[in-house]
Each structure stands twice: as structure tokens, then as C-alpha cells.
>>> print(open('structure.txt').read())   # compact mmCIF, C-alpha atoms
# COMPACT_ATOMS: atom_id res chain seq x y z
CA MET X 7 -41.40 -57.02 -1.86
CA LYS X 8 -42.02 -58.48 -5.30
CA GLU X 9 -43.86 -61.68 -6.17
CA ALA X 10 -41.32 -64.38 -6.91
CA LEU X 11 -40.90 -66.29 -10.12
CA PHE X 12 -40.76 -70.09 -10.33
CA TYR X 13 -43.12 -71.36 -7.63
CA ASP X 14 -46.35 -73.35 -7.36
CA LYS X 15 -49.24 -72.78 -4.98
CA LEU X 16 -50.19 -75.78 -2.84
CA ASP X 17 -52.98 -76.53 -0.40
CA SER X 18 -53.26 -75.04 3.10
CA GLY X 19 -51.56 -71.83 1.95
CA ARG X 20 -48.24 -73.56 1.26
CA VAL X 21 -46.03 -72.85 -1.75
CA HIS X 22 -43.40 -74.91 -3.55
CA CYS X 23 -40.38 -72.83 -4.59
CA ARG X 24 -38.79 -74.17 -7.78
CA LEU X 25 -35.94 -71.70 -8.14
CA CYS X 26 -33.17 -73.97 -6.87
CA PRO X 27 -32.68 -77.70 -6.23
CA THR X 28 -33.54 -77.30 -2.53
CA GLU X 29 -37.18 -77.21 -3.77
CA CYS X 30 -38.52 -75.72 -0.52
CA VAL X 31 -42.15 -76.34 0.44
CA ILE X 32 -42.93 -73.26 2.54
CA PRO X 33 -45.89 -72.79 4.89
CA SER X 34 -47.59 -69.41 5.06
CA GLY X 35 -45.58 -66.93 7.12
CA LYS X 36 -42.30 -68.82 6.65
CA ARG X 37 -39.21 -68.37 4.48
CA GLY X 38 -37.30 -70.81 2.30
CA ALA X 39 -33.83 -72.13 3.10
CA CYS X 40 -32.29 -69.05 1.46
CA GLY X 41 -33.89 -66.86 4.13
CA VAL X 42 -35.16 -64.23 1.71
CA ARG X 43 -38.14 -65.76 -0.11
CA LEU X 44 -41.27 -65.40 2.03
CA ASN X 45 -44.65 -67.10 1.76
CA LYS X 46 -47.21 -64.46 2.65
CA GLU X 47 -50.75 -65.86 2.64
CA GLY X 48 -50.03 -68.32 -0.17
CA VAL X 49 -47.99 -65.98 -2.37
CA LEU X 50 -44.20 -66.28 -2.56
CA TYR X 51 -42.34 -62.97 -2.41
CA SER X 52 -38.71 -61.94 -2.80
CA GLU X 53 -37.84 -59.81 0.22
CA ILE X 54 -34.60 -58.60 -1.38
CA TYR X 55 -35.96 -57.23 -4.64
CA GLY X 56 -34.36 -53.80 -5.04
CA ARG X 57 -32.29 -54.16 -1.86
CA ILE X 58 -28.47 -54.13 -1.79
CA THR X 59 -25.91 -54.64 0.95
CA SER X 60 -22.85 -53.88 -1.18
CA LEU X 61 -21.82 -51.80 -4.19
CA ASN X 62 -18.21 -51.42 -5.34
CA LEU X 63 -16.15 -50.83 -8.44
CA ASP X 64 -13.90 -53.90 -8.62
CA PRO X 65 -11.17 -55.14 -10.94
CA ILE X 66 -12.59 -58.05 -12.92
CA GLU X 67 -9.72 -60.22 -11.64
CA LYS X 68 -11.28 -60.04 -8.14
CA LYS X 69 -14.30 -62.11 -9.23
CA PRO X 70 -12.00 -63.98 -10.14
CA LEU X 71 -12.11 -63.80 -13.94
CA TYR X 72 -8.72 -63.74 -15.67
CA HIS X 73 -9.70 -64.45 -19.29
CA TYR X 74 -12.52 -61.94 -19.64
CA HIS X 75 -11.91 -58.17 -19.98
CA PRO X 76 -8.51 -58.39 -18.22
CA GLY X 77 -7.36 -55.15 -16.60
CA GLU X 78 -10.85 -53.62 -16.64
CA PHE X 79 -13.27 -52.66 -13.85
CA ILE X 80 -16.85 -53.75 -13.23
CA LEU X 81 -19.57 -52.34 -11.00
CA SER X 82 -20.28 -55.07 -8.43
CA ILE X 83 -23.47 -55.39 -6.39
CA GLY X 84 -24.79 -57.86 -3.84
CA THR X 85 -27.60 -58.36 -1.37
CA LYS X 86 -28.19 -60.80 1.50
CA GLY X 87 -29.05 -64.49 1.82
CA CYS X 88 -27.88 -67.72 0.18
CA ASN X 89 -29.29 -71.12 -0.73
CA PHE X 90 -26.12 -72.74 0.67
CA HIS X 91 -25.00 -72.61 4.30
CA CYS X 92 -21.27 -73.21 3.96
CA ASP X 93 -19.43 -73.55 7.26
CA PHE X 94 -16.43 -71.71 5.74
CA CYS X 95 -18.37 -68.82 4.15
CA GLN X 96 -16.15 -65.78 3.61
CA ASN X 97 -19.11 -63.39 3.26
CA TRP X 98 -21.21 -64.88 6.06
CA GLN X 99 -22.12 -61.44 7.45
CA ILE X 100 -24.42 -60.89 4.46
CA SER X 101 -25.05 -64.40 3.10
CA GLN X 102 -25.96 -66.07 6.39
CA ASP X 103 -27.35 -63.11 8.37
CA CYS X 104 -30.76 -62.23 7.00
CA ASN X 105 -30.83 -59.19 9.29
CA ALA X 106 -27.90 -57.63 7.43
CA PRO X 107 -28.71 -53.99 6.65
CA THR X 108 -29.72 -53.16 3.08
CA ARG X 109 -30.63 -50.04 1.15
CA GLU X 110 -33.15 -49.56 -1.60
CA VAL X 111 -32.09 -49.20 -5.22
CA THR X 112 -33.65 -49.56 -8.67
CA SER X 113 -32.35 -51.37 -11.74
CA ALA X 114 -32.26 -48.04 -13.58
CA GLU X 115 -30.06 -46.52 -10.86
CA ILE X 116 -27.61 -49.43 -11.00
CA VAL X 117 -27.35 -49.24 -14.80
CA ALA X 118 -26.92 -45.47 -14.71
CA ASP X 119 -24.18 -45.82 -12.09
CA ALA X 120 -22.37 -48.43 -14.18
CA ARG X 121 -22.50 -46.18 -17.24
CA LYS X 122 -21.03 -43.28 -15.24
CA GLN X 123 -18.16 -45.38 -13.89
CA VAL X 124 -15.17 -46.77 -15.78
CA SER X 125 -17.14 -50.03 -15.88
CA PHE X 126 -17.90 -52.31 -18.81
CA GLY X 127 -20.82 -53.92 -17.00
CA ILE X 128 -22.39 -55.19 -13.80
CA ALA X 129 -21.33 -58.14 -11.62
CA TYR X 130 -23.88 -59.79 -9.33
CA THR X 131 -21.68 -61.08 -6.54
CA TYR X 132 -20.81 -61.08 -2.79
CA ASN X 133 -23.77 -63.36 -1.96
CA GLU X 134 -25.63 -65.85 -4.17
CA PRO X 135 -27.17 -63.95 -7.11
CA PHE X 136 -29.60 -66.69 -8.15
CA ILE X 137 -31.72 -66.18 -4.99
CA TRP X 138 -31.97 -62.50 -6.10
CA TYR X 139 -33.34 -63.77 -9.40
CA GLU X 140 -36.13 -61.27 -10.07
CA PHE X 141 -33.95 -58.20 -9.58
CA VAL X 142 -30.90 -59.66 -11.32
CA LEU X 143 -32.97 -60.63 -14.37
CA GLU X 144 -34.58 -57.20 -14.61
CA THR X 145 -31.25 -55.39 -14.16
CA ALA X 146 -29.40 -57.66 -16.58
CA LYS X 147 -31.98 -57.03 -19.32
CA LEU X 148 -31.73 -53.26 -18.82
CA ALA X 149 -27.93 -53.45 -18.75
CA LYS X 150 -27.86 -55.23 -22.12
CA GLU X 151 -30.18 -52.62 -23.60
CA ASN X 152 -27.63 -50.00 -22.52
CA GLY X 153 -24.59 -51.76 -23.97
CA LEU X 154 -23.33 -53.21 -20.67
CA GLU X 155 -22.25 -56.78 -19.94
CA ASN X 156 -23.43 -58.98 -17.06
CA VAL X 157 -21.40 -61.28 -14.82
CA LEU X 158 -22.63 -63.81 -12.24
CA VAL X 159 -20.39 -64.96 -9.40
CA THR X 160 -22.38 -67.96 -8.24
CA ASN X 161 -22.47 -71.35 -6.56
CA GLY X 162 -24.35 -72.65 -9.61
CA TYR X 163 -27.13 -74.14 -7.48
CA VAL X 164 -30.16 -73.34 -9.63
CA ASN X 165 -32.80 -75.29 -11.49
CA SER X 166 -32.68 -75.58 -15.27
CA ALA X 167 -35.71 -73.39 -16.12
CA PRO X 168 -34.49 -70.33 -14.19
CA LEU X 169 -30.99 -70.85 -15.57
CA ASP X 170 -32.25 -71.01 -19.15
CA GLY X 171 -34.34 -67.90 -18.51
CA ILE X 172 -31.41 -65.72 -17.49
CA LEU X 173 -28.51 -67.07 -19.58
CA PRO X 174 -29.37 -65.01 -22.70
CA TYR X 175 -28.47 -61.89 -20.70
CA ILE X 176 -25.32 -63.25 -19.01
CA ASP X 177 -21.89 -62.77 -20.59
CA ALA X 178 -19.68 -64.49 -18.02
CA MET X 179 -19.85 -66.58 -14.87
CA ASN X 180 -17.42 -67.61 -12.21
CA VAL X 181 -18.88 -70.75 -10.66
CA ASP X 182 -17.71 -71.78 -7.21
CA LEU X 183 -17.13 -75.54 -7.49
CA LYS X 184 -16.77 -76.05 -3.77
CA ALA X 185 -15.45 -79.61 -3.87
CA PHE X 186 -15.70 -82.68 -6.02
CA ASN X 187 -17.43 -84.99 -3.58
CA GLY X 188 -21.08 -85.18 -2.64
CA LYS X 189 -20.43 -85.69 1.06
CA PHE X 190 -18.68 -82.30 1.28
CA TYR X 191 -21.65 -80.58 -0.36
CA ARG X 192 -24.14 -82.30 1.96
CA LYS X 193 -22.27 -81.85 5.24
CA VAL X 194 -20.38 -78.56 4.77
CA CYS X 195 -22.62 -76.63 2.34
CA ARG X 196 -26.09 -78.19 2.92
CA GLY X 197 -26.45 -78.74 -0.79
CA ALA X 198 -25.58 -81.18 -3.55
CA LEU X 199 -22.86 -81.48 -6.19
CA GLU X 200 -24.78 -82.87 -9.16
CA PRO X 201 -27.01 -79.81 -9.79
CA VAL X 202 -23.90 -77.61 -9.91
CA LEU X 203 -22.32 -79.87 -12.52
CA GLU X 204 -25.55 -79.78 -14.50
CA THR X 205 -25.52 -75.96 -14.41
CA LEU X 206 -21.99 -75.96 -15.80
CA LYS X 207 -22.88 -78.32 -18.63
CA ARG X 208 -26.01 -76.30 -19.56
CA ALA X 209 -24.11 -73.00 -19.50
CA ARG X 210 -21.10 -74.18 -21.49
CA GLY X 211 -20.87 -72.35 -24.80
CA ARG X 212 -23.56 -69.84 -23.81
CA CYS X 213 -21.30 -67.54 -21.79
CA HIS X 214 -17.69 -67.32 -20.66
CA ILE X 215 -17.06 -69.61 -17.66
CA GLU X 216 -14.27 -69.81 -15.10
CA LEU X 217 -14.26 -72.01 -11.99
CA THR X 218 -13.04 -71.53 -8.43
CA THR X 219 -12.35 -74.16 -5.77
CA LEU X 220 -11.37 -73.22 -2.23
CA ILE X 221 -8.92 -75.87 -0.97
CA ILE X 222 -9.62 -76.71 2.70
CA PRO X 223 -7.31 -79.01 4.69
CA THR X 224 -8.72 -82.52 5.36
CA LEU X 225 -12.09 -81.65 3.74
CA ASN X 226 -11.46 -81.40 -0.02
CA ASP X 227 -7.67 -81.34 -0.41
CA SER X 228 -6.85 -84.92 -1.42
CA ALA X 229 -4.87 -85.62 -4.57
CA GLY X 230 -7.52 -88.08 -5.71
CA GLU X 231 -10.29 -85.54 -5.49
CA MET X 232 -8.28 -82.98 -7.45
CA GLU X 233 -7.64 -85.61 -10.13
CA LYS X 234 -11.37 -86.29 -10.44
CA GLU X 235 -12.26 -82.60 -10.57
CA ALA X 236 -9.68 -81.79 -13.24
CA ASP X 237 -10.76 -84.83 -15.29
CA TRP X 238 -14.40 -83.75 -15.15
CA ILE X 239 -13.61 -80.16 -16.15
CA ARG X 240 -11.44 -81.30 -19.07
CA ASP X 241 -14.01 -83.83 -20.32
CA ASN X 242 -17.16 -81.73 -19.82
CA MET X 243 -16.06 -78.09 -20.04
CA GLY X 244 -12.88 -78.35 -22.10
CA PRO X 245 -9.18 -78.08 -21.18
CA ASP X 246 -9.21 -74.31 -21.90
CA THR X 247 -11.56 -73.67 -18.95
CA PRO X 248 -9.70 -71.54 -16.36
CA LEU X 249 -9.57 -73.00 -12.84
CA HIS X 250 -8.76 -70.87 -9.79
CA LEU X 251 -7.54 -72.77 -6.73
CA SER X 252 -7.99 -70.55 -3.71
CA ARG X 253 -6.19 -70.94 -0.38
CA TYR X 254 -8.43 -71.32 2.68
CA PHE X 255 -7.96 -69.31 5.87
CA PRO X 256 -10.04 -69.81 9.05
CA CYS X 257 -13.46 -68.18 8.66
CA TYR X 258 -16.97 -68.38 10.07
CA LYS X 259 -17.53 -71.85 11.63
CA ILE X 260 -14.39 -73.64 10.40
CA LYS X 261 -11.25 -72.98 12.43
CA LEU X 262 -8.82 -75.36 10.75
CA PRO X 263 -5.34 -73.92 10.13
CA PRO X 264 -4.71 -72.27 6.74
CA THR X 265 -4.08 -74.58 3.80
CA PRO X 266 -0.33 -75.34 3.54
CA MET X 267 1.35 -73.94 0.45
CA GLU X 268 2.62 -77.43 -0.40
CA THR X 269 -1.01 -78.59 -0.65
CA MET X 270 -1.87 -75.70 -2.96
CA GLU X 271 1.12 -76.35 -5.19
CA ARG X 272 0.36 -80.07 -5.36
CA ALA X 273 -3.26 -79.39 -6.34
CA ALA X 274 -2.14 -76.96 -9.06
CA GLU X 275 0.39 -79.46 -10.40
CA ILE X 276 -2.29 -82.16 -10.66
CA ALA X 277 -4.78 -79.85 -12.35
CA ARG X 278 -2.17 -78.54 -14.83
CA ARG X 279 -1.65 -82.03 -16.20
CA LYS X 280 -5.18 -81.83 -17.61
CA LEU X 281 -6.06 -78.12 -17.86
CA LYS X 282 -4.25 -75.27 -19.63
CA TYR X 283 -5.06 -72.44 -17.22
CA VAL X 284 -4.75 -73.09 -13.49
CA TYR X 285 -4.21 -70.21 -11.06
CA LEU X 286 -3.48 -70.02 -7.34
CA GLY X 287 -5.34 -67.41 -5.28
CA ASN X 288 -5.07 -66.12 -1.68
CA VAL X 289 -1.40 -67.11 -1.66
>>> encode(input="structure.txt", output="C-alpha cells")
Amino acid sequence: MKEALFYDKLDSGRVHCRLCPTECVIPSGKRGACGVRLNKEGVLYSEIYGRITSLNLDPIEKKPLYHYHPGEFILSIGTKGCNFHCDFCQNWQISQDCNAPTREVTSAEIVADARKQVSFGIAYTYNEPFIWYEFVLETAKLAKENGLENVLVTNGYVNSAPLDGILPYIDAMNVDLKAFNGKFYRKVCRGALEPVLETLKRARGRCHIELTTLIIPTLNDSAGEMEKEADWIRDNMGPDTPLHLSRYFPCYKIKLPPTPMETMERAAEIARRKLKYVYLGNV
């Protein structure tokens, strides 16, 4: 384990984690909502520092990033845990199961592996990279020193100080904008929309950004919601910001039928009235 960044010590052995907007107050012997940050006798530790569940060489389009190093490959790593608890999670076996098996690795090993592969950099993906902050920051710094680029595939749910601390080492992000209504974030993800929007505004112009929204029947698929989302992206991120609309299939706790193609096409048509680059995925 490694002592965590961004926390305060409180009375009675409690700690206040300030990494993400959940702002967990954690008693001694307990973990935060992410499941991987442990208060041990008044000190907050990352239990996933130097631990990975997944390592693959992926096409950059799989992140998905279409306007950044197209046609190239990137070494992709992930661990376990997440600060969201989405009922539709597609990687729930590692993000929601904190007993998922991991293996030990060092930042130097990851960077050396990336340099040996046909990879232009390292992507921190598969689960939420911001809860892996200490290891991602260390690895990203070393990667930059070795001429590699860094990519975050993230839900964007992070506080401003940690975000500002890591952005100088990040070259691109795909941010999962899960819906454009607060009720969805509260009920389906156990989070909040506004901090994600704030992350996007703070990161704009500091790295390449693309967005992804999974369209789920009856939950976030209305024409009105797509109008609002596309308006916000155009007005706050710019009309050149790529938007990936991904088709939902039953997964984890949500067993609704797959999103109809007509719904996907309607959402893309609405978004394309306001944005230049709108792509359909999982279709």
C-alpha cells in the first residue's frame, strides 16, 4: 500500500478523502466509496498502488478516441474499483468487485513495456483511473520523461486540485458523460453531474478531449436530453468536440432490451445539428 494524496486527518482516527466529489469521511479500518482507499489507524492508503487487473495493446479507437493518433496502438492498463456504482457497468467484474485478482507491477515496468511495443503511450482505462491517482501520476510523469503520451479514459468525477495536479502530464481524455440529467447520476451512478461538467471545463484546452454517452432506453434517451447535452458541449467545449454515442446492451444490474437503432440514429441526428463530429458505437 501507499499513503494516499489529498486527504485530511480528523478526530477519532477518521480521515476525510478529498480526491473526488464523494468526499468520504472514513473511520479507521474502513474504505471509501471507491472500495480501494483504506483508513488504517488514521492514515489513508491506496490499496491498488502498483496493482493491475488488465494490460493490453489496444487500437486508440477502442478508447474511443477518433481524432487523436488515428490508426495507432496504445498500451492500456487498469486496476480495480470505482467511485461510481453504475447499474449498467460494462466492466463491473473489476470496477465493482474489490476482490478482483490483481498482479504487482511498477511504473518503470509499464513504461518499459510501452516502449517495447508499437505503442505511442499509455492509456489508464478499464476502471476509473482517478481513484488510482498515486500510481497514475507517477507513471504518467515517467512516461513523459521517456517520450510517451498519456491518455485517461474516465468518468471525470474528480476534485479540482487533483485534476490540476495531473493535467500537465495528460495528453488526451475520453470522458464518459453518462447522461445529461442529475437524477440519472444520483439514482443510476450514485454520483452527480455538475462535478463532471466542471472537470470538462477545467480540462478544455489543456489536453485533447472526446466524450462518450451510452444511450439507455427510458433512462437517458429522450430527444430533449440529447438537445441539452449537445447544446452544452457546443457552448462550453466547442462544436469541434467529438461525441461518441454508444448503444446499450443488457449488462450487470440493468436488463432493459438493447437500445433500438432508431433511437441511436435520432440521437445522432439531434447532436449533429450542433456538433461537427458525432459517431455511433456498438452498432
>>> residues_around(input="structure.txt", residues="Ile128 in chain X", least_positions_apart="4", cutoff="9 Å", atoms="all atoms listed in the file", output="count of residues only")
15
>>> residues_around(input="structure.txt", residues="Arg37 in chain X", least_positions_apart="2", cutoff="12 Å", atoms="all atoms listed in the file", output="list in words")
Arg20, Val21, His22, Cys23, Cys30, Val31, Ile32, Pro33, Ser34, Gly35, Ala39, Cys40, Gly41, Val42, Arg43, Leu44, Asn45, Lys46, Glu47, Gly48, Val49, Leu50, Tyr51, Ser52, Glu53, Gly87, Asn89 and Cys104 of chain X
>>> closest_residue(input="structure.txt", among="X:Gly19, X:Gly211, X:Gly171, X:Gly84", to="Trp138 in chain X", atoms="all atoms listed in the file")
X:Gly84
>>> atom_distance(input="structure.txt", atom1="CA of Phe94 in chain X", atom2="CA of Pro135 in chain X")
18.5 Å
>>> atom_distance(input="structure.txt", atom1="CA of Lys207 in chain X", atom2="CA of Ile221 in chain X")
22.6 Å
>>> residues_around(input="structure.txt", residues="Met267 in chain X", least_positions_apart="6", cutoff="12 Å", atoms="all atoms listed in the file", output="PyMOL selection string")
chain X and resi 221-223+227+251-255+273-274+286-289
>>> closest_residue(input="structure.txt", among="X:Cys92, X:Asp64, X:Thr224, X:Met243", to="Pro263 in chain X", atoms="all atoms listed in the file")
X:Thr224
>>> residues_around(input="structure.txt", residues="Asp103 in chain X", least_positions_apart="5", cutoff="12 Å", atoms="all atoms listed in the file", output="list in words")
Cys40, Gly41, Val42, Thr59, Thr85, Lys86, Gly87, Cys88, His91, Cys95, Asn97, Trp98, Thr108, Asn133 and Tyr258 of chain X
>>> decode(input="structure.txt", residues="range 151-208 of chain X", atoms="C-alpha atoms", output="PDB file, in the first residue's frame")
ATOM      1  CA  GLU X 151      10.204  11.689 -19.417  1.00  0.00           C
ATOM      2  CA  ASN X 152      10.534   8.781 -21.857  1.00  0.00           C
ATOM      3  CA  GLY X 153       8.753  10.467 -24.756  1.00  0.00           C
ATOM      4  CA  LEU X 154       5.408   8.685 -24.298  1.00  0.00           C
ATOM      5  CA  GLU X 155       1.925  10.207 -24.199  1.00  0.00           C
ATOM      6  CA  ASN X 156      -0.754   9.627 -21.547  1.00  0.00           C
ATOM      7  CA  VAL X 157      -4.475   9.045 -22.005  1.00  0.00           C
ATOM      8  CA  LEU X 158      -7.222   8.917 -19.358  1.00  0.00           C
ATOM      9  CA  VAL X 159     -10.499   7.114 -20.014  1.00  0.00           C
ATOM     10  CA  THR X 160     -12.528   8.480 -17.127  1.00  0.00           C
ATOM     11  CA  ASN X 161     -15.898   9.375 -15.655  1.00  0.00           C
ATOM     12  CA  GLY X 162     -14.480  12.820 -14.872  1.00  0.00           C
ATOM     13  CA  TYR X 163     -15.574  12.628 -11.227  1.00  0.00           C
ATOM     14  CA  VAL X 164     -12.601  14.263  -9.518  1.00  0.00           C
ATOM     15  CA  ASN X 165     -11.982  17.357  -7.447  1.00  0.00           C
ATOM     16  CA  SER X 166     -10.243  20.380  -8.952  1.00  0.00           C
ATOM     17  CA  ALA X 167      -6.931  20.149  -7.043  1.00  0.00           C
ATOM     18  CA  PRO X 168      -6.176  16.540  -8.063  1.00  0.00           C
ATOM     19  CA  LEU X 169      -7.264  17.318 -11.619  1.00  0.00           C
ATOM     20  CA  ASP X 170      -4.971  20.333 -11.837  1.00  0.00           C
ATOM     21  CA  GLY X 171      -2.140  18.244 -10.393  1.00  0.00           C
ATOM     22  CA  ILE X 172      -2.264  15.594 -13.102  1.00  0.00           C
ATOM     23  CA  LEU X 173      -3.345  17.525 -16.210  1.00  0.00           C
ATOM     24  CA  PRO X 174       0.193  18.724 -17.098  1.00  0.00           C
ATOM     25  CA  TYR X 175       1.078  15.080 -17.813  1.00  0.00           C
ATOM     26  CA  ILE X 176      -2.120  14.125 -19.684  1.00  0.00           C
ATOM     27  CA  ASP X 177      -2.323  14.429 -23.469  1.00  0.00           C
ATOM     28  CA  ALA X 178      -5.872  13.200 -24.087  1.00  0.00           C
ATOM     29  CA  MET X 179      -9.023  12.171 -22.258  1.00  0.00           C
ATOM     30  CA  ASN X 180     -12.193  10.400 -23.184  1.00  0.00           C
ATOM     31  CA  VAL X 181     -14.745  11.469 -20.592  1.00  0.00           C
ATOM     32  CA  ASP X 182     -17.822   9.323 -20.082  1.00  0.00           C
ATOM     33  CA  LEU X 183     -20.703  11.807 -19.893  1.00  0.00           C
ATOM     34  CA  LYS X 184     -23.200   9.261 -18.662  1.00  0.00           C
ATOM     35  CA  ALA X 185     -26.325  11.367 -19.108  1.00  0.00           C
ATOM     36  CA  PHE X 186     -27.374  14.979 -19.046  1.00  0.00           C
ATOM     37  CA  ASN X 187     -29.669  14.893 -16.048  1.00  0.00           C
ATOM     38  CA  GLY X 188     -28.810  14.931 -12.372  1.00  0.00           C
ATOM     39  CA  LYS X 189     -31.424  12.351 -11.412  1.00  0.00           C
ATOM     40  CA  PHE X 190     -29.739   9.741 -13.634  1.00  0.00           C
ATOM     41  CA  TYR X 191     -26.375  10.397 -11.987  1.00  0.00           C
ATOM     42  CA  ARG X 192     -27.859  10.164  -8.487  1.00  0.00           C
ATOM     43  CA  LYS X 193     -30.028   7.078  -8.985  1.00  0.00           C
ATOM     44  CA  VAL X 194     -28.117   5.030 -11.581  1.00  0.00           C
ATOM     45  CA  CYS X 195     -24.472   6.022 -10.938  1.00  0.00           C
ATOM     46  CA  ARG X 196     -24.526   7.168  -7.263  1.00  0.00           C
ATOM     47  CA  GLY X 197     -22.814  10.381  -8.257  1.00  0.00           C
ATOM     48  CA  ALA X 198     -23.518  13.861  -9.565  1.00  0.00           C
ATOM     49  CA  LEU X 199     -23.457  15.570 -12.961  1.00  0.00           C
ATOM     50  CA  GLU X 200     -22.129  19.030 -12.085  1.00  0.00           C
ATOM     51  CA  PRO X 201     -18.610  17.949 -10.996  1.00  0.00           C
ATOM     52  CA  VAL X 202     -18.187  16.107 -14.311  1.00  0.00           C
ATOM     53  CA  LEU X 203     -19.123  19.234 -16.236  1.00  0.00           C
ATOM     54  CA  GLU X 204     -16.682  21.229 -14.127  1.00  0.00           C
ATOM     55  CA  THR X 205     -13.908  18.735 -14.956  1.00  0.00           C
ATOM     56  CA  LEU X 206     -14.618  19.186 -18.660  1.00  0.00           C
ATOM     57  CA  LYS X 207     -14.500  22.966 -18.437  1.00  0.00           C
ATOM     58  CA  ARG X 208     -11.231  22.924 -16.436  1.00  0.00           C
TER      59      ARG X 208
END
